[in-house]
$ cat entry18.txt   # compact mmCIF, C-alpha atoms (C1' of nucleotides)
# COMPACT_ATOMS: atom_id res chain seq x y z
CA MET B 1 0.00 0.00 0.00
CA GLY B 2 2.76 2.47 0.91
CA ASN B 3 4.59 1.75 -2.36
CA LYS B 4 3.28 3.74 -5.25
CA SER B 5 3.07 2.09 -8.61
CA THR B 6 4.78 3.54 -11.64
CA ARG B 7 1.37 4.37 -12.99
CA ASP B 8 0.60 6.47 -9.91
CA HIS B 9 3.95 8.21 -10.24
CA ILE B 10 3.16 9.09 -13.84
CA VAL B 11 -0.27 10.47 -12.98
CA GLU B 12 0.99 12.51 -10.04
CA SER B 13 3.90 13.95 -11.98
CA ALA B 14 1.70 14.72 -14.96
CA ASP B 15 -0.73 16.40 -12.57
CA GLN B 16 2.02 18.74 -11.33
CA LEU B 17 3.44 19.42 -14.79
CA PHE B 18 0.04 20.04 -16.38
CA TYR B 19 -0.53 22.63 -13.67
CA GLN B 20 2.86 24.29 -14.00
CA GLN B 21 3.31 24.16 -17.78
CA GLY B 22 -0.11 23.37 -19.19
CA PHE B 23 -1.33 20.16 -20.76
CA GLU B 24 -0.28 20.78 -24.34
CA HIS B 25 3.11 22.21 -23.44
CA THR B 26 3.99 19.18 -21.30
CA SER B 27 5.62 16.40 -23.31
CA PHE B 28 6.26 12.76 -22.53
CA ALA B 29 9.92 13.67 -22.25
CA ASP B 30 9.03 16.16 -19.48
CA ILE B 31 7.08 13.59 -17.49
CA ALA B 32 9.73 10.92 -18.13
CA GLY B 33 12.36 13.28 -16.73
CA VAL B 34 10.46 13.57 -13.43
CA VAL B 35 9.35 9.95 -13.08
CA LYS B 36 12.69 8.71 -14.41
CA ILE B 37 11.39 6.18 -16.86
CA SER B 38 11.85 5.93 -20.61
CA ARG B 39 9.39 7.44 -23.05
CA GLY B 40 8.44 4.05 -24.43
CA ASN B 41 7.36 2.82 -21.04
CA PHE B 42 4.37 5.15 -20.93
CA TYR B 43 2.52 3.03 -23.42
CA TYR B 44 2.52 0.05 -21.13
CA HIS B 45 0.43 2.08 -18.68
CA PHE B 46 -1.54 4.36 -21.04
CA LYS B 47 -2.63 4.15 -24.64
CA SER B 48 -2.22 7.86 -25.33
CA LYS B 49 -1.49 11.25 -23.80
CA ASP B 50 -5.23 11.85 -23.58
CA GLU B 51 -5.54 8.81 -21.34
CA ILE B 52 -3.00 10.35 -18.98
CA LEU B 53 -5.09 13.51 -18.99
CA ASP B 54 -8.18 11.50 -18.08
CA ALA B 55 -6.32 9.89 -15.20
CA VAL B 56 -5.12 13.31 -14.00
CA ILE B 57 -8.64 14.72 -14.10
CA ASN B 58 -9.97 11.70 -12.18
CA LEU B 59 -7.20 12.15 -9.60
CA ARG B 60 -8.16 15.77 -9.17
CA LEU B 61 -11.83 14.86 -8.86
CA THR B 62 -11.18 12.40 -6.04
CA ASP B 63 -8.67 14.73 -4.33
CA THR B 64 -11.15 17.60 -4.49
CA ALA B 65 -13.96 15.45 -3.11
CA LYS B 66 -11.68 14.38 -0.26
CA MET B 67 -10.77 17.99 0.54
CA LEU B 68 -14.40 19.08 0.57
CA GLY B 69 -15.14 16.18 2.89
CA LEU B 70 -12.38 17.35 5.21
CA TRP B 71 -13.77 20.88 5.21
CA ASP B 72 -17.18 19.48 6.08
CA GLY B 73 -15.71 17.90 9.19
CA MET B 74 -13.50 20.82 10.16
CA SER B 75 -16.08 23.55 10.85
CA GLU B 76 -19.34 23.77 12.76
CA THR B 77 -21.11 26.38 10.65
CA PRO B 78 -21.60 26.53 6.89
CA ALA B 79 -20.12 30.05 6.84
CA ASP B 80 -16.89 28.77 8.39
CA ARG B 81 -16.80 25.99 5.81
CA ILE B 82 -17.11 28.59 3.05
CA ARG B 83 -14.20 30.41 4.64
CA SER B 84 -12.12 27.26 4.18
CA PHE B 85 -12.75 27.67 0.47
CA ILE B 86 -11.96 31.38 0.40
CA ASN B 87 -8.75 30.92 2.32
CA ILE B 88 -7.15 28.43 -0.07
CA LEU B 89 -6.31 31.49 -2.15
CA VAL B 90 -4.07 32.65 0.68
CA THR B 91 -2.69 29.19 1.43
CA ASN B 92 -1.72 28.60 -2.19
CA ARG B 93 -0.83 32.21 -2.98
CA ALA B 94 2.74 31.47 -4.08
CA LYS B 95 1.75 28.84 -6.62
CA ILE B 96 -1.27 30.83 -7.75
CA LYS B 97 0.95 33.81 -8.42
CA GLN B 98 3.15 31.60 -10.59
CA HIS B 99 0.68 29.30 -12.34
CA GLY B 100 -2.84 30.48 -11.56
CA CYS B 101 -5.67 28.31 -10.25
CA PRO B 102 -5.12 24.63 -11.11
CA VAL B 103 -8.79 24.12 -11.95
CA GLY B 104 -9.40 27.27 -13.93
CA THR B 105 -6.24 27.06 -16.02
CA LEU B 106 -6.89 23.44 -17.02
CA VAL B 107 -10.56 23.95 -17.85
CA ASN B 108 -9.85 27.06 -19.87
CA GLU B 109 -6.97 25.47 -21.74
CA LEU B 110 -9.08 22.46 -22.68
CA ALA B 111 -12.02 24.66 -23.66
CA ARG B 112 -9.76 26.63 -25.95
CA LEU B 113 -8.34 23.49 -27.52
CA ASP B 114 -11.90 22.19 -27.82
CA HIS B 115 -10.52 19.03 -26.22
CA ALA B 116 -12.80 16.06 -25.64
CA ALA B 117 -11.95 16.07 -21.93
CA LYS B 118 -13.09 19.65 -21.33
CA SER B 119 -16.50 18.69 -19.97
CA ASN B 120 -14.85 16.13 -17.74
CA ALA B 121 -12.46 18.75 -16.37
CA SER B 122 -15.24 21.21 -15.65
CA LYS B 123 -16.71 18.63 -13.29
CA ILE B 124 -14.01 19.72 -10.84
CA PHE B 125 -15.57 23.17 -10.91
CA SER B 126 -18.97 21.54 -10.47
CA LEU B 127 -17.77 19.83 -7.30
CA PHE B 128 -16.86 23.21 -5.76
CA ARG B 129 -20.05 24.75 -7.09
CA GLY B 130 -22.29 22.08 -5.62
CA TRP B 131 -20.47 22.07 -2.32
CA LEU B 132 -20.59 25.86 -1.97
CA SER B 133 -24.23 25.89 -2.99
CA LYS B 134 -24.95 23.36 -0.26
CA GLN B 135 -23.28 25.58 2.33
CA PHE B 136 -25.24 28.66 1.25
CA LEU B 137 -28.42 26.63 1.39
CA GLN B 138 -27.59 25.62 4.97
CA MET B 139 -27.04 29.31 5.70
CA GLY B 140 -30.61 29.93 4.64
CA CYS B 141 -29.93 31.53 1.26
CA GLY B 142 -32.55 29.39 -0.41
CA GLY B 143 -32.94 29.81 -4.15
CA GLU B 144 -30.03 32.24 -4.29
CA SER B 145 -27.58 29.57 -3.12
CA ASP B 146 -26.35 28.45 -6.52
CA GLY B 147 -25.98 32.03 -7.70
CA LEU B 148 -23.95 32.87 -4.61
CA ALA B 149 -21.80 29.79 -5.16
CA MET B 150 -21.11 30.83 -8.74
CA HIS B 151 -20.41 34.38 -7.62
CA LEU B 152 -17.81 33.26 -5.11
CA LEU B 153 -16.28 30.83 -7.56
CA ALA B 154 -16.01 33.60 -10.15
CA ARG B 155 -14.39 36.01 -7.73
CA SER B 156 -11.81 33.39 -6.75
CA GLN B 157 -11.02 32.79 -10.40
CA GLY B 158 -10.65 36.49 -11.05
CA VAL B 159 -8.32 36.94 -8.10
CA ALA B 160 -6.14 34.05 -9.26
CA SER B 161 -6.05 35.37 -12.81
CA LEU B 162 -4.98 38.89 -11.85
CA ALA B 163 -2.53 37.70 -9.20
CA THR B 164 -0.78 35.80 -11.98
CA ALA B 165 -0.97 38.64 -14.50
CA PHE B 166 0.39 41.27 -12.11
CA GLN B 167 2.57 38.93 -10.04
CA ASP B 168 0.86 40.30 -6.97
CA GLU B 169 0.33 38.31 -3.77
CA ALA B 170 -0.80 41.34 -1.76
CA PHE B 171 -3.83 41.61 -4.04
CA ILE B 172 -4.84 38.10 -3.01
CA TYR B 173 -4.87 39.12 0.67
CA LEU B 174 -6.92 42.22 -0.11
CA GLU B 175 -9.56 40.38 -2.07
CA VAL B 176 -9.76 37.49 0.37
CA LYS B 177 -10.51 40.00 3.11
CA GLN B 178 -13.26 41.51 0.96
CA MET B 179 -14.72 38.11 0.24
CA ASN B 180 -14.83 37.32 3.95
CA ASP B 181 -16.50 40.69 4.59
CA TRP B 182 -18.98 39.93 1.83
CA LEU B 183 -19.73 36.60 3.48
CA ASP B 184 -20.41 38.40 6.78
CA LYS B 185 -23.01 40.50 4.97
CA CYS B 186 -24.57 37.34 3.59
CA ILE B 187 -24.84 35.96 7.11
CA LYS B 188 -26.56 39.12 8.35
CA ALA B 189 -28.88 39.15 5.33
CA HIS B 190 -29.87 35.53 6.06
CA PRO B 191 -30.28 35.08 9.83
CA LEU B 192 -31.34 31.83 11.41
CA PRO B 193 -34.90 30.76 10.47
CA GLU B 194 -36.28 31.61 13.93
CA ILE B 195 -35.52 35.34 13.82
CA GLN B 196 -36.43 37.02 10.52
CA ALA B 197 -34.64 40.37 10.56
CA PRO B 198 -35.37 43.04 7.93
CA GLN B 199 -33.17 43.02 4.80
CA VAL B 200 -30.76 45.86 4.00
CA MET S 1 -4.65 53.61 -47.04
CA GLY S 2 -7.76 51.46 -47.53
CA ASN S 3 -5.65 48.52 -48.78
CA LYS S 4 -4.19 46.45 -46.02
CA SER S 5 -0.70 45.15 -46.41
CA THR S 6 0.08 41.44 -46.16
CA ARG S 7 1.82 42.20 -42.91
CA ASP S 8 -1.35 43.69 -41.48
CA HIS S 9 -3.33 40.69 -42.68
CA ILE S 10 -0.91 38.36 -40.91
CA VAL S 11 -1.10 40.30 -37.65
CA GLU S 12 -4.88 40.55 -37.69
CA SER S 13 -5.37 36.87 -38.51
CA ALA S 14 -2.83 35.85 -35.89
CA ASP S 15 -4.67 38.07 -33.41
CA GLN S 16 -7.91 36.19 -34.05
CA LEU S 17 -6.31 32.75 -34.03
CA PHE S 18 -4.27 33.40 -30.88
CA TYR S 19 -7.54 34.34 -29.22
CA GLN S 20 -9.49 31.36 -30.49
CA GLN S 21 -6.82 28.65 -30.26
CA GLY S 22 -4.09 30.06 -28.07
CA PHE S 23 -0.63 31.26 -29.08
CA GLU S 24 1.23 27.96 -28.81
CA HIS S 25 -1.49 25.92 -30.45
CA THR S 26 -1.63 28.23 -33.48
CA SER S 27 0.86 27.23 -36.17
CA PHE S 28 2.18 29.07 -39.20
CA ALA S 29 0.11 26.68 -41.30
CA ASP S 30 -3.04 27.88 -39.47
CA ILE S 31 -2.29 31.54 -40.11
CA ALA S 32 -1.24 30.81 -43.70
CA GLY S 33 -4.57 29.08 -44.25
CA VAL S 34 -6.47 32.23 -43.26
CA VAL S 35 -4.23 34.82 -44.94
CA LYS S 36 -3.75 32.55 -47.95
CA ILE S 37 -0.02 32.89 -48.30
CA SER S 38 2.70 30.25 -48.18
CA ARG S 39 4.50 29.38 -44.96
CA GLY S 40 7.84 30.61 -46.31
CA ASN S 41 6.44 34.08 -46.93
CA PHE S 42 6.09 34.80 -43.22
CA TYR S 43 9.81 35.25 -42.89
CA TYR S 44 9.86 38.15 -45.29
CA HIS S 45 7.66 40.04 -42.81
CA PHE S 46 8.77 38.58 -39.48
CA LYS S 47 11.95 36.95 -38.20
CA SER S 48 10.14 34.50 -35.91
CA LYS S 49 6.80 33.51 -34.42
CA ASP S 50 7.66 35.55 -31.34
CA GLU S 51 7.88 38.65 -33.53
CA ILE S 52 4.35 37.99 -34.75
CA LEU S 53 3.29 37.73 -31.11
CA ASP S 54 4.92 41.08 -30.36
CA ALA S 55 3.07 42.65 -33.28
CA VAL S 56 -0.22 41.14 -32.07
CA ILE S 57 0.32 42.49 -28.57
CA ASN S 58 1.15 45.94 -29.96
CA LEU S 59 -1.99 45.83 -32.09
CA ARG S 60 -4.06 44.99 -29.04
CA LEU S 61 -2.41 47.76 -27.05
CA THR S 62 -3.27 50.40 -29.65
CA ASP S 63 -6.78 48.99 -30.18
CA THR S 64 -7.42 49.01 -26.45
CA ALA S 65 -6.14 52.57 -26.09
CA LYS S 66 -8.43 53.63 -28.93
CA MET S 67 -11.44 51.94 -27.32
CA LEU S 68 -10.76 53.58 -23.96
CA GLY S 69 -10.50 56.92 -25.76
CA LEU S 70 -13.86 56.31 -27.38
CA TRP S 71 -15.40 55.48 -24.01
CA ASP S 72 -13.97 58.70 -22.61
CA GLY S 73 -15.85 60.65 -25.26
CA MET S 74 -19.06 58.65 -25.07
CA SER S 75 -20.19 59.35 -21.50
CA GLU S 76 -20.51 62.40 -19.33
CA THR S 77 -19.85 60.82 -15.93
CA PRO S 78 -17.00 58.53 -14.82
CA ALA S 79 -19.58 56.00 -13.55
CA ASP S 80 -21.15 55.75 -17.00
CA ARG S 81 -17.69 55.27 -18.49
CA ILE S 82 -17.08 52.41 -16.08
CA ARG S 83 -20.37 50.92 -17.23
CA SER S 84 -18.96 50.87 -20.75
CA PHE S 85 -16.26 48.58 -19.41
CA ILE S 86 -18.66 46.36 -17.48
CA ASN S 87 -20.96 45.97 -20.46
CA ILE S 88 -18.37 44.59 -22.86
CA LEU S 89 -18.95 41.29 -21.09
CA VAL S 90 -22.50 41.33 -22.43
CA THR S 91 -21.52 42.64 -25.85
CA ASN S 92 -18.90 39.93 -26.33
CA ARG S 93 -20.76 37.21 -24.44
CA ALA S 94 -20.85 34.73 -27.33
CA LYS S 95 -17.10 34.84 -27.94
CA ILE S 96 -16.32 34.92 -24.22
CA LYS S 97 -18.39 31.79 -23.71
CA GLN S 98 -16.33 30.08 -26.40
CA HIS S 99 -12.83 31.41 -25.86
CA GLY S 100 -12.78 33.46 -22.66
CA CYS S 101 -11.44 36.98 -22.27
CA PRO S 102 -8.88 37.79 -24.99
CA VAL S 103 -6.64 39.63 -22.54
CA GLY S 104 -6.79 37.18 -19.65
CA THR S 105 -6.31 34.07 -21.72
CA LEU S 106 -3.25 35.46 -23.51
CA VAL S 107 -1.59 36.81 -20.37
CA ASN S 108 -2.21 33.61 -18.44
CA GLU S 109 -0.95 31.42 -21.28
CA LEU S 110 2.24 33.44 -21.61
CA ALA S 111 2.75 33.48 -17.85
CA ARG S 112 2.44 29.72 -17.76
CA LEU S 113 4.90 29.30 -20.64
CA ASP S 114 7.17 31.78 -18.86
CA HIS S 115 7.34 33.52 -22.25
CA ALA S 116 9.48 36.63 -22.70
CA ALA S 117 6.45 38.59 -23.94
CA LYS S 118 4.37 37.98 -20.81
CA SER S 119 5.17 41.34 -19.21
CA ASN S 120 4.42 43.03 -22.50
CA ALA S 121 1.04 41.32 -22.71
CA SER S 122 0.11 42.29 -19.17
CA LYS S 123 0.43 45.93 -20.25
CA ILE S 124 -2.98 45.47 -21.89
CA PHE S 125 -4.36 44.73 -18.43
CA SER S 126 -2.50 47.77 -17.14
CA LEU S 127 -4.24 49.97 -19.68
CA PHE S 128 -7.64 48.89 -18.34
CA ARG S 129 -6.41 49.15 -14.77
CA GLY S 130 -5.09 52.68 -15.19
CA TRP S 131 -8.16 53.82 -17.07
CA LEU S 132 -10.58 52.36 -14.52
CA SER S 133 -8.52 53.78 -11.69
CA LYS S 134 -8.75 57.22 -13.31
CA GLN S 135 -12.55 56.93 -13.48
CA PHE S 136 -12.85 55.92 -9.83
CA LEU S 137 -10.59 58.81 -8.89
CA GLN S 138 -12.91 61.18 -10.76
CA MET S 139 -15.78 59.63 -8.83
CA GLY S 140 -14.07 60.72 -5.64
CA CYS S 141 -12.80 57.32 -4.50
CA GLY S 142 -9.35 58.75 -3.74
CA GLY S 143 -6.77 56.27 -2.54
CA GLU S 144 -9.14 53.36 -3.01
CA SER S 145 -9.35 53.95 -6.77
CA ASP S 146 -6.67 51.50 -7.83
CA GLY S 147 -8.03 48.82 -5.52
CA LEU S 148 -11.51 49.31 -6.96
CA ALA S 149 -10.11 49.12 -10.49
CA MET S 150 -8.36 45.84 -9.67
CA HIS S 151 -11.51 44.54 -8.00
CA LEU S 152 -13.63 45.22 -11.06
CA LEU S 153 -10.99 43.81 -13.38
CA ALA S 154 -10.83 40.64 -11.28
CA ARG S 155 -14.59 40.20 -11.26
CA SER S 156 -14.70 40.56 -15.04
CA GLN S 157 -11.99 37.94 -15.39
CA GLY S 158 -13.81 35.59 -13.08
CA VAL S 159 -17.07 35.98 -14.96
CA ALA S 160 -15.34 35.27 -18.28
CA SER S 161 -13.57 32.23 -16.85
CA LEU S 162 -16.72 30.62 -15.44
CA ALA S 163 -18.83 31.51 -18.47
CA THR S 164 -16.34 29.53 -20.54
CA ALA S 165 -16.11 26.65 -18.08
CA PHE S 166 -19.87 26.22 -17.71
CA GLN S 167 -20.80 27.42 -21.22
CA ASP S 168 -23.20 29.82 -19.58
CA GLU S 169 -24.17 33.18 -21.07
CA ALA S 170 -26.98 33.77 -18.58
CA PHE S 171 -24.39 33.89 -15.80
CA ILE S 172 -22.72 36.81 -17.60
CA TYR S 173 -25.95 38.80 -17.52
CA LEU S 174 -26.46 38.04 -13.83
CA GLU S 175 -23.00 39.12 -12.80
CA VAL S 176 -23.01 42.20 -15.01
CA LYS S 177 -26.18 43.31 -13.25
CA GLN S 178 -24.50 42.77 -9.89
CA MET S 179 -21.44 44.73 -10.97
CA ASN S 180 -23.65 47.61 -12.05
CA ASP S 181 -25.47 47.47 -8.70
CA TRP S 182 -22.11 47.42 -6.94
CA LEU S 183 -21.11 50.51 -8.89
CA ASP S 184 -24.28 52.25 -7.77
CA LYS S 185 -23.27 51.58 -4.18
CA CYS S 186 -19.84 53.03 -4.90
CA ILE S 187 -21.50 56.19 -6.23
CA LYS S 188 -23.61 56.54 -3.08
CA ALA S 189 -20.59 55.89 -0.87
CA HIS S 190 -18.67 58.63 -2.66
CA PRO S 191 -21.03 61.54 -3.31
CA LEU S 192 -19.94 64.78 -4.90
CA PRO S 193 -17.46 66.75 -2.75
CA GLU S 194 -20.07 69.37 -1.81
CA ILE S 195 -22.45 67.03 0.02
CA GLN S 196 -20.79 64.53 2.37
CA ALA S 197 -23.41 61.91 3.18
CA PRO S 198 -22.93 59.28 5.92
CA GLN S 199 -21.49 55.89 4.89
CA VAL S 200 -23.51 52.69 5.04
C1' DG O 1 7.50 -3.96 -16.73
C1' DT O 2 11.07 -1.47 -18.61
C1' DC O 3 14.15 -0.68 -22.04
C1' DT O 4 16.21 0.89 -26.93
C1' DA O 5 15.41 1.92 -31.49
C1' DT O 6 12.71 3.87 -34.68
C1' DA O 7 8.64 5.40 -37.51
C1' DC O 8 6.19 9.33 -39.00
C1' DG O 9 4.27 13.85 -38.89
C1' DC O 10 4.17 18.62 -37.73
C1' DC O 11 6.65 22.47 -36.20
C1' DG O 12 9.53 26.70 -36.84
C1' DA O 13 12.92 28.27 -39.75
C1' DT O 14 16.14 28.69 -44.04
C1' DA O 15 17.66 28.77 -49.03
C1' DG O 16 17.02 30.16 -53.22
C1' DA O 17 14.08 30.47 -57.68
C1' DC O 18 10.87 33.60 -59.73
C1' DG Q 1 7.11 40.02 -52.29
C1' DT Q 2 5.78 35.49 -52.87
C1' DC Q 3 6.74 31.08 -53.98
C1' DT Q 4 8.64 25.91 -53.58
C1' DA Q 5 11.66 22.86 -51.52
C1' DT Q 6 13.86 21.38 -47.70
C1' DC Q 7 16.34 21.16 -43.16
C1' DG Q 8 16.70 19.83 -38.27
C1' DG Q 9 14.21 19.07 -34.18
C1' DC Q 10 10.74 17.53 -31.30
C1' DG Q 11 6.20 15.54 -30.76
C1' DT Q 12 3.34 11.20 -30.14
C1' DA Q 13 3.27 6.62 -30.90
C1' DT Q 14 4.98 1.73 -32.19
C1' DA Q 15 7.98 -2.56 -32.45
C1' DG Q 16 10.44 -5.61 -30.33
C1' DA Q 17 14.53 -7.04 -27.21
C1' DC Q 18 15.41 -8.01 -22.42

$ encode --input "entry18.txt" --output "structure tokens"
Amino acid sequence: MGNKSTRDHIVESADQLFYQQGFEHTSFADIAGVVKISRGNFYYHFKSKDEILDAVINLRLTDTAKMLGLWDGMSETPADRIRSFINILVTNRAKIKQHGCPVGTLVNELARLDHAAKSNASKIFSLFRGWLSKQFLQMGCGGESDGLAMHLLARSQGVASLATAFQDEAFIYLEVKQMNDWLDKCIKAHPLPEIQAPQV
Amino acid sequence: MGNKSTRDHIVESADQLFYQQGFEHTSFADIAGVVKISRGNFYYHFKSKDEILDAVINLRLTDTAKMLGLWDGMSETPADRIRSFINILVTNRAKIKQHGCPVGTLVNELARLDHAAKSNASKIFSLFRGWLSKQFLQMGCGGESDGLAMHLLARSQGVASLATAFQDEAFIYLEVKQMNDWLDKCIKAHPLPEIQAPQV
DNA sequence: GTCTATACGCCGATAGAC
DNA sequence: GTCTATCGGCGTATAGAC
């Protein structure tokens, strides 16, 4: 169990390289250099580069689901769980500044290439979307929950994009603070079911 | 004057293709197919593919500057000028859904490739940033102006990114409405110098 | 399972005729 | 200015030895 198979090594290394360099720009030679196998050996484990991409996307899907599960167990309130999401921007600020958001960059690259796996990759976004929507629903946001989830997802993407473009980590901190403030307003606008306070 | 040179044709076609397919994914054969010249002919006009990229970036810089100049002349108030910026998301919704934001996708691709032209490309973002900042300053936002410009730029990027990922034009309309509402709040928070109203 | 050797195509770029 | 022909390299993918 502790020993990772060559196949796992390939997928994990490809995962990193696809993030850092992009899918198309990453060659078998690049992955081979990290995993330290020969180029020919890939085809024992995968039929094509696209199959490696599928494996990487599936890895990210399971990893994301695991992380969301962890966040579910870490906080008492849905608002605090949403803060777990917001704060990954700060946690990963260095890598985001260099390579952007791992989800957004992959989905947008595949969309642009009109790659067959693009809909599969966007399922990673859907995981975050559904999870966030669930939290907003638990906060009492009702029918607005999905819209709020999309809004927060979009803001995170925008922050990552500009942090990369301007090589600016301080901007991440600023926007994360504003997102947390925005969340506070959402909490006040949607109090617990018992006490219906007037809206702003 | 009315006749465009072959060089101009190359740059304009490359501009479109870089937007639709990405810089790296676009080959000389692709551009040649649109301009209808032979591959060898490129090298009379440009020394390398990177020189075509430079020309494309310069074209976008001048086009962007022109557009911002037009917006300056189109509206009376800085807030209405900012709305011109917000509304391009709606105007270009179909293309954004397909290929994302032309500025963001190029800058992020070049950043990921660690391409020499990446800082040059991000100057297009800087044009928008400086122009927006100027408008917020005229609205009386003072030292917050640049932060507000970055905030709006980031939200636009996020909207474009998710619209592409989820193939969702309706989301663009929703978020554009929210950005316009947000701008209204900014106006109320920063009234004309004569009348200082209390903050929210 | 992993290797070496190699096929085959596309890429950016060059040379030189017209 | 535009063309054809071609080079050298790297890309994915295959064949077959070990």

$ closest_residue --input "entry18.txt" --among "S:Gly40, S:Gly143, S:Gly100, S:Gly158" --to "chain B" --atoms "all atoms listed in the file"
S:Gly158

$ interface_residues --input "entry18.txt" --of "chain S" --to "chain B" --cutoff "9 Å" --atoms "only C-alpha atoms" --output "ChimeraX atom specification"
/S:19-22,24-25,98-100,104-105,107-109,111-114,118-119,121-122,125-126,147,150-151,153-162,164-166,171,174-175

$ interface_residues --input "entry18.txt" --of "chain B" --to "chain O" --cutoff "12 Å" --atoms "only C-alpha atoms (C1' of nucleotides)" --output "list in words"
Ser5, Thr6, Arg7, Lys36, Ile37, Ser38, Arg39, Gly40, Asn41, Phe42, Tyr43, Tyr44 and His45 of chain B

$ closest_atom_pairs --input "entry18.txt" --of "chain B" --to "chain Q" --cutoff "8 Å" --atoms "only C-alpha atoms (C1' of nucleotides)" --output "JSON lines"
{"residue": "B:Ser27", "atom": "CA", "partner": "Q:DG11", "partner_atom": "C1'", "distance": 7.5}
{"residue": "B:Ser48", "atom": "CA", "partner": "Q:DA13", "partner_atom": "C1'", "distance": 7.9}
{"residue": "B:Lys49", "atom": "CA", "partner": "Q:DT12", "partner_atom": "C1'", "distance": 8.0}

$ write_last_selection --input "entry18.txt" --atoms "C-alpha atoms" --output "PDB file, in the frame of the given file"
ATOM      1  CA  SER B  27       5.620  16.400 -23.310  1.00  0.00           C
ATOM      2  CA  SER B  48      -2.220   7.860 -25.330  1.00  0.00           C
ATOM      3  CA  LYS B  49      -1.490  11.250 -23.800  1.00  0.00           C
TER       4      LYS B  49
END

$ atom_distance --input "entry18.txt" --atom1 "CA of Asn58 in chain B" --atom2 "CA of Phe28 in chain B"
19.3 Å

$ atom_distance --input "entry18.txt" --atom1 "CA of Val176 in chain S" --atom2 "CA of His190 in chain B"
23.1 Å

$ atom_distance --input "entry18.txt" --atom1 "CA of Leu132 in chain B" --atom2 "CA of Ala149 in chain B"
5.2 Å

$ closest_residue --input "entry18.txt" --among "B:Thr91, B:Gln138, B:Thr26, B:Thr64" --to "Glu76 in chain B" --atoms "all atoms listed in the file"
B:Gln138

$ axis_aligned_box --input "entry18.txt" --around "range 163-178 of chain B" --padding-each-side "5 Å" --output "JSON"
{"center_x": -5.3, "center_y": 39.0, "center_z": -5.7, "size_x": 25.8, "size_y": 16.4, "size_z": 27.6}

$ closest_atom_pairs --input "entry18.txt" --of "range 105-173 of chain S" --to "range 53-56 of chain S" --cutoff "10 Å" --atoms "all atoms listed in the file" --output "Markdown table"
| residue | atom | partner | partner_atom | distance |
| --- | --- | --- | --- | --- |
| S:Ala116 | CA | S:Asp54 | CA | 10.0 |
| S:Ala117 | CA | S:Asp54 | CA | 7.1 |
| S:Asn120 | CA | S:Asp54 | CA | 8.1 |
| S:Ala121 | CA | S:Asp54 | CA | 8.6 |
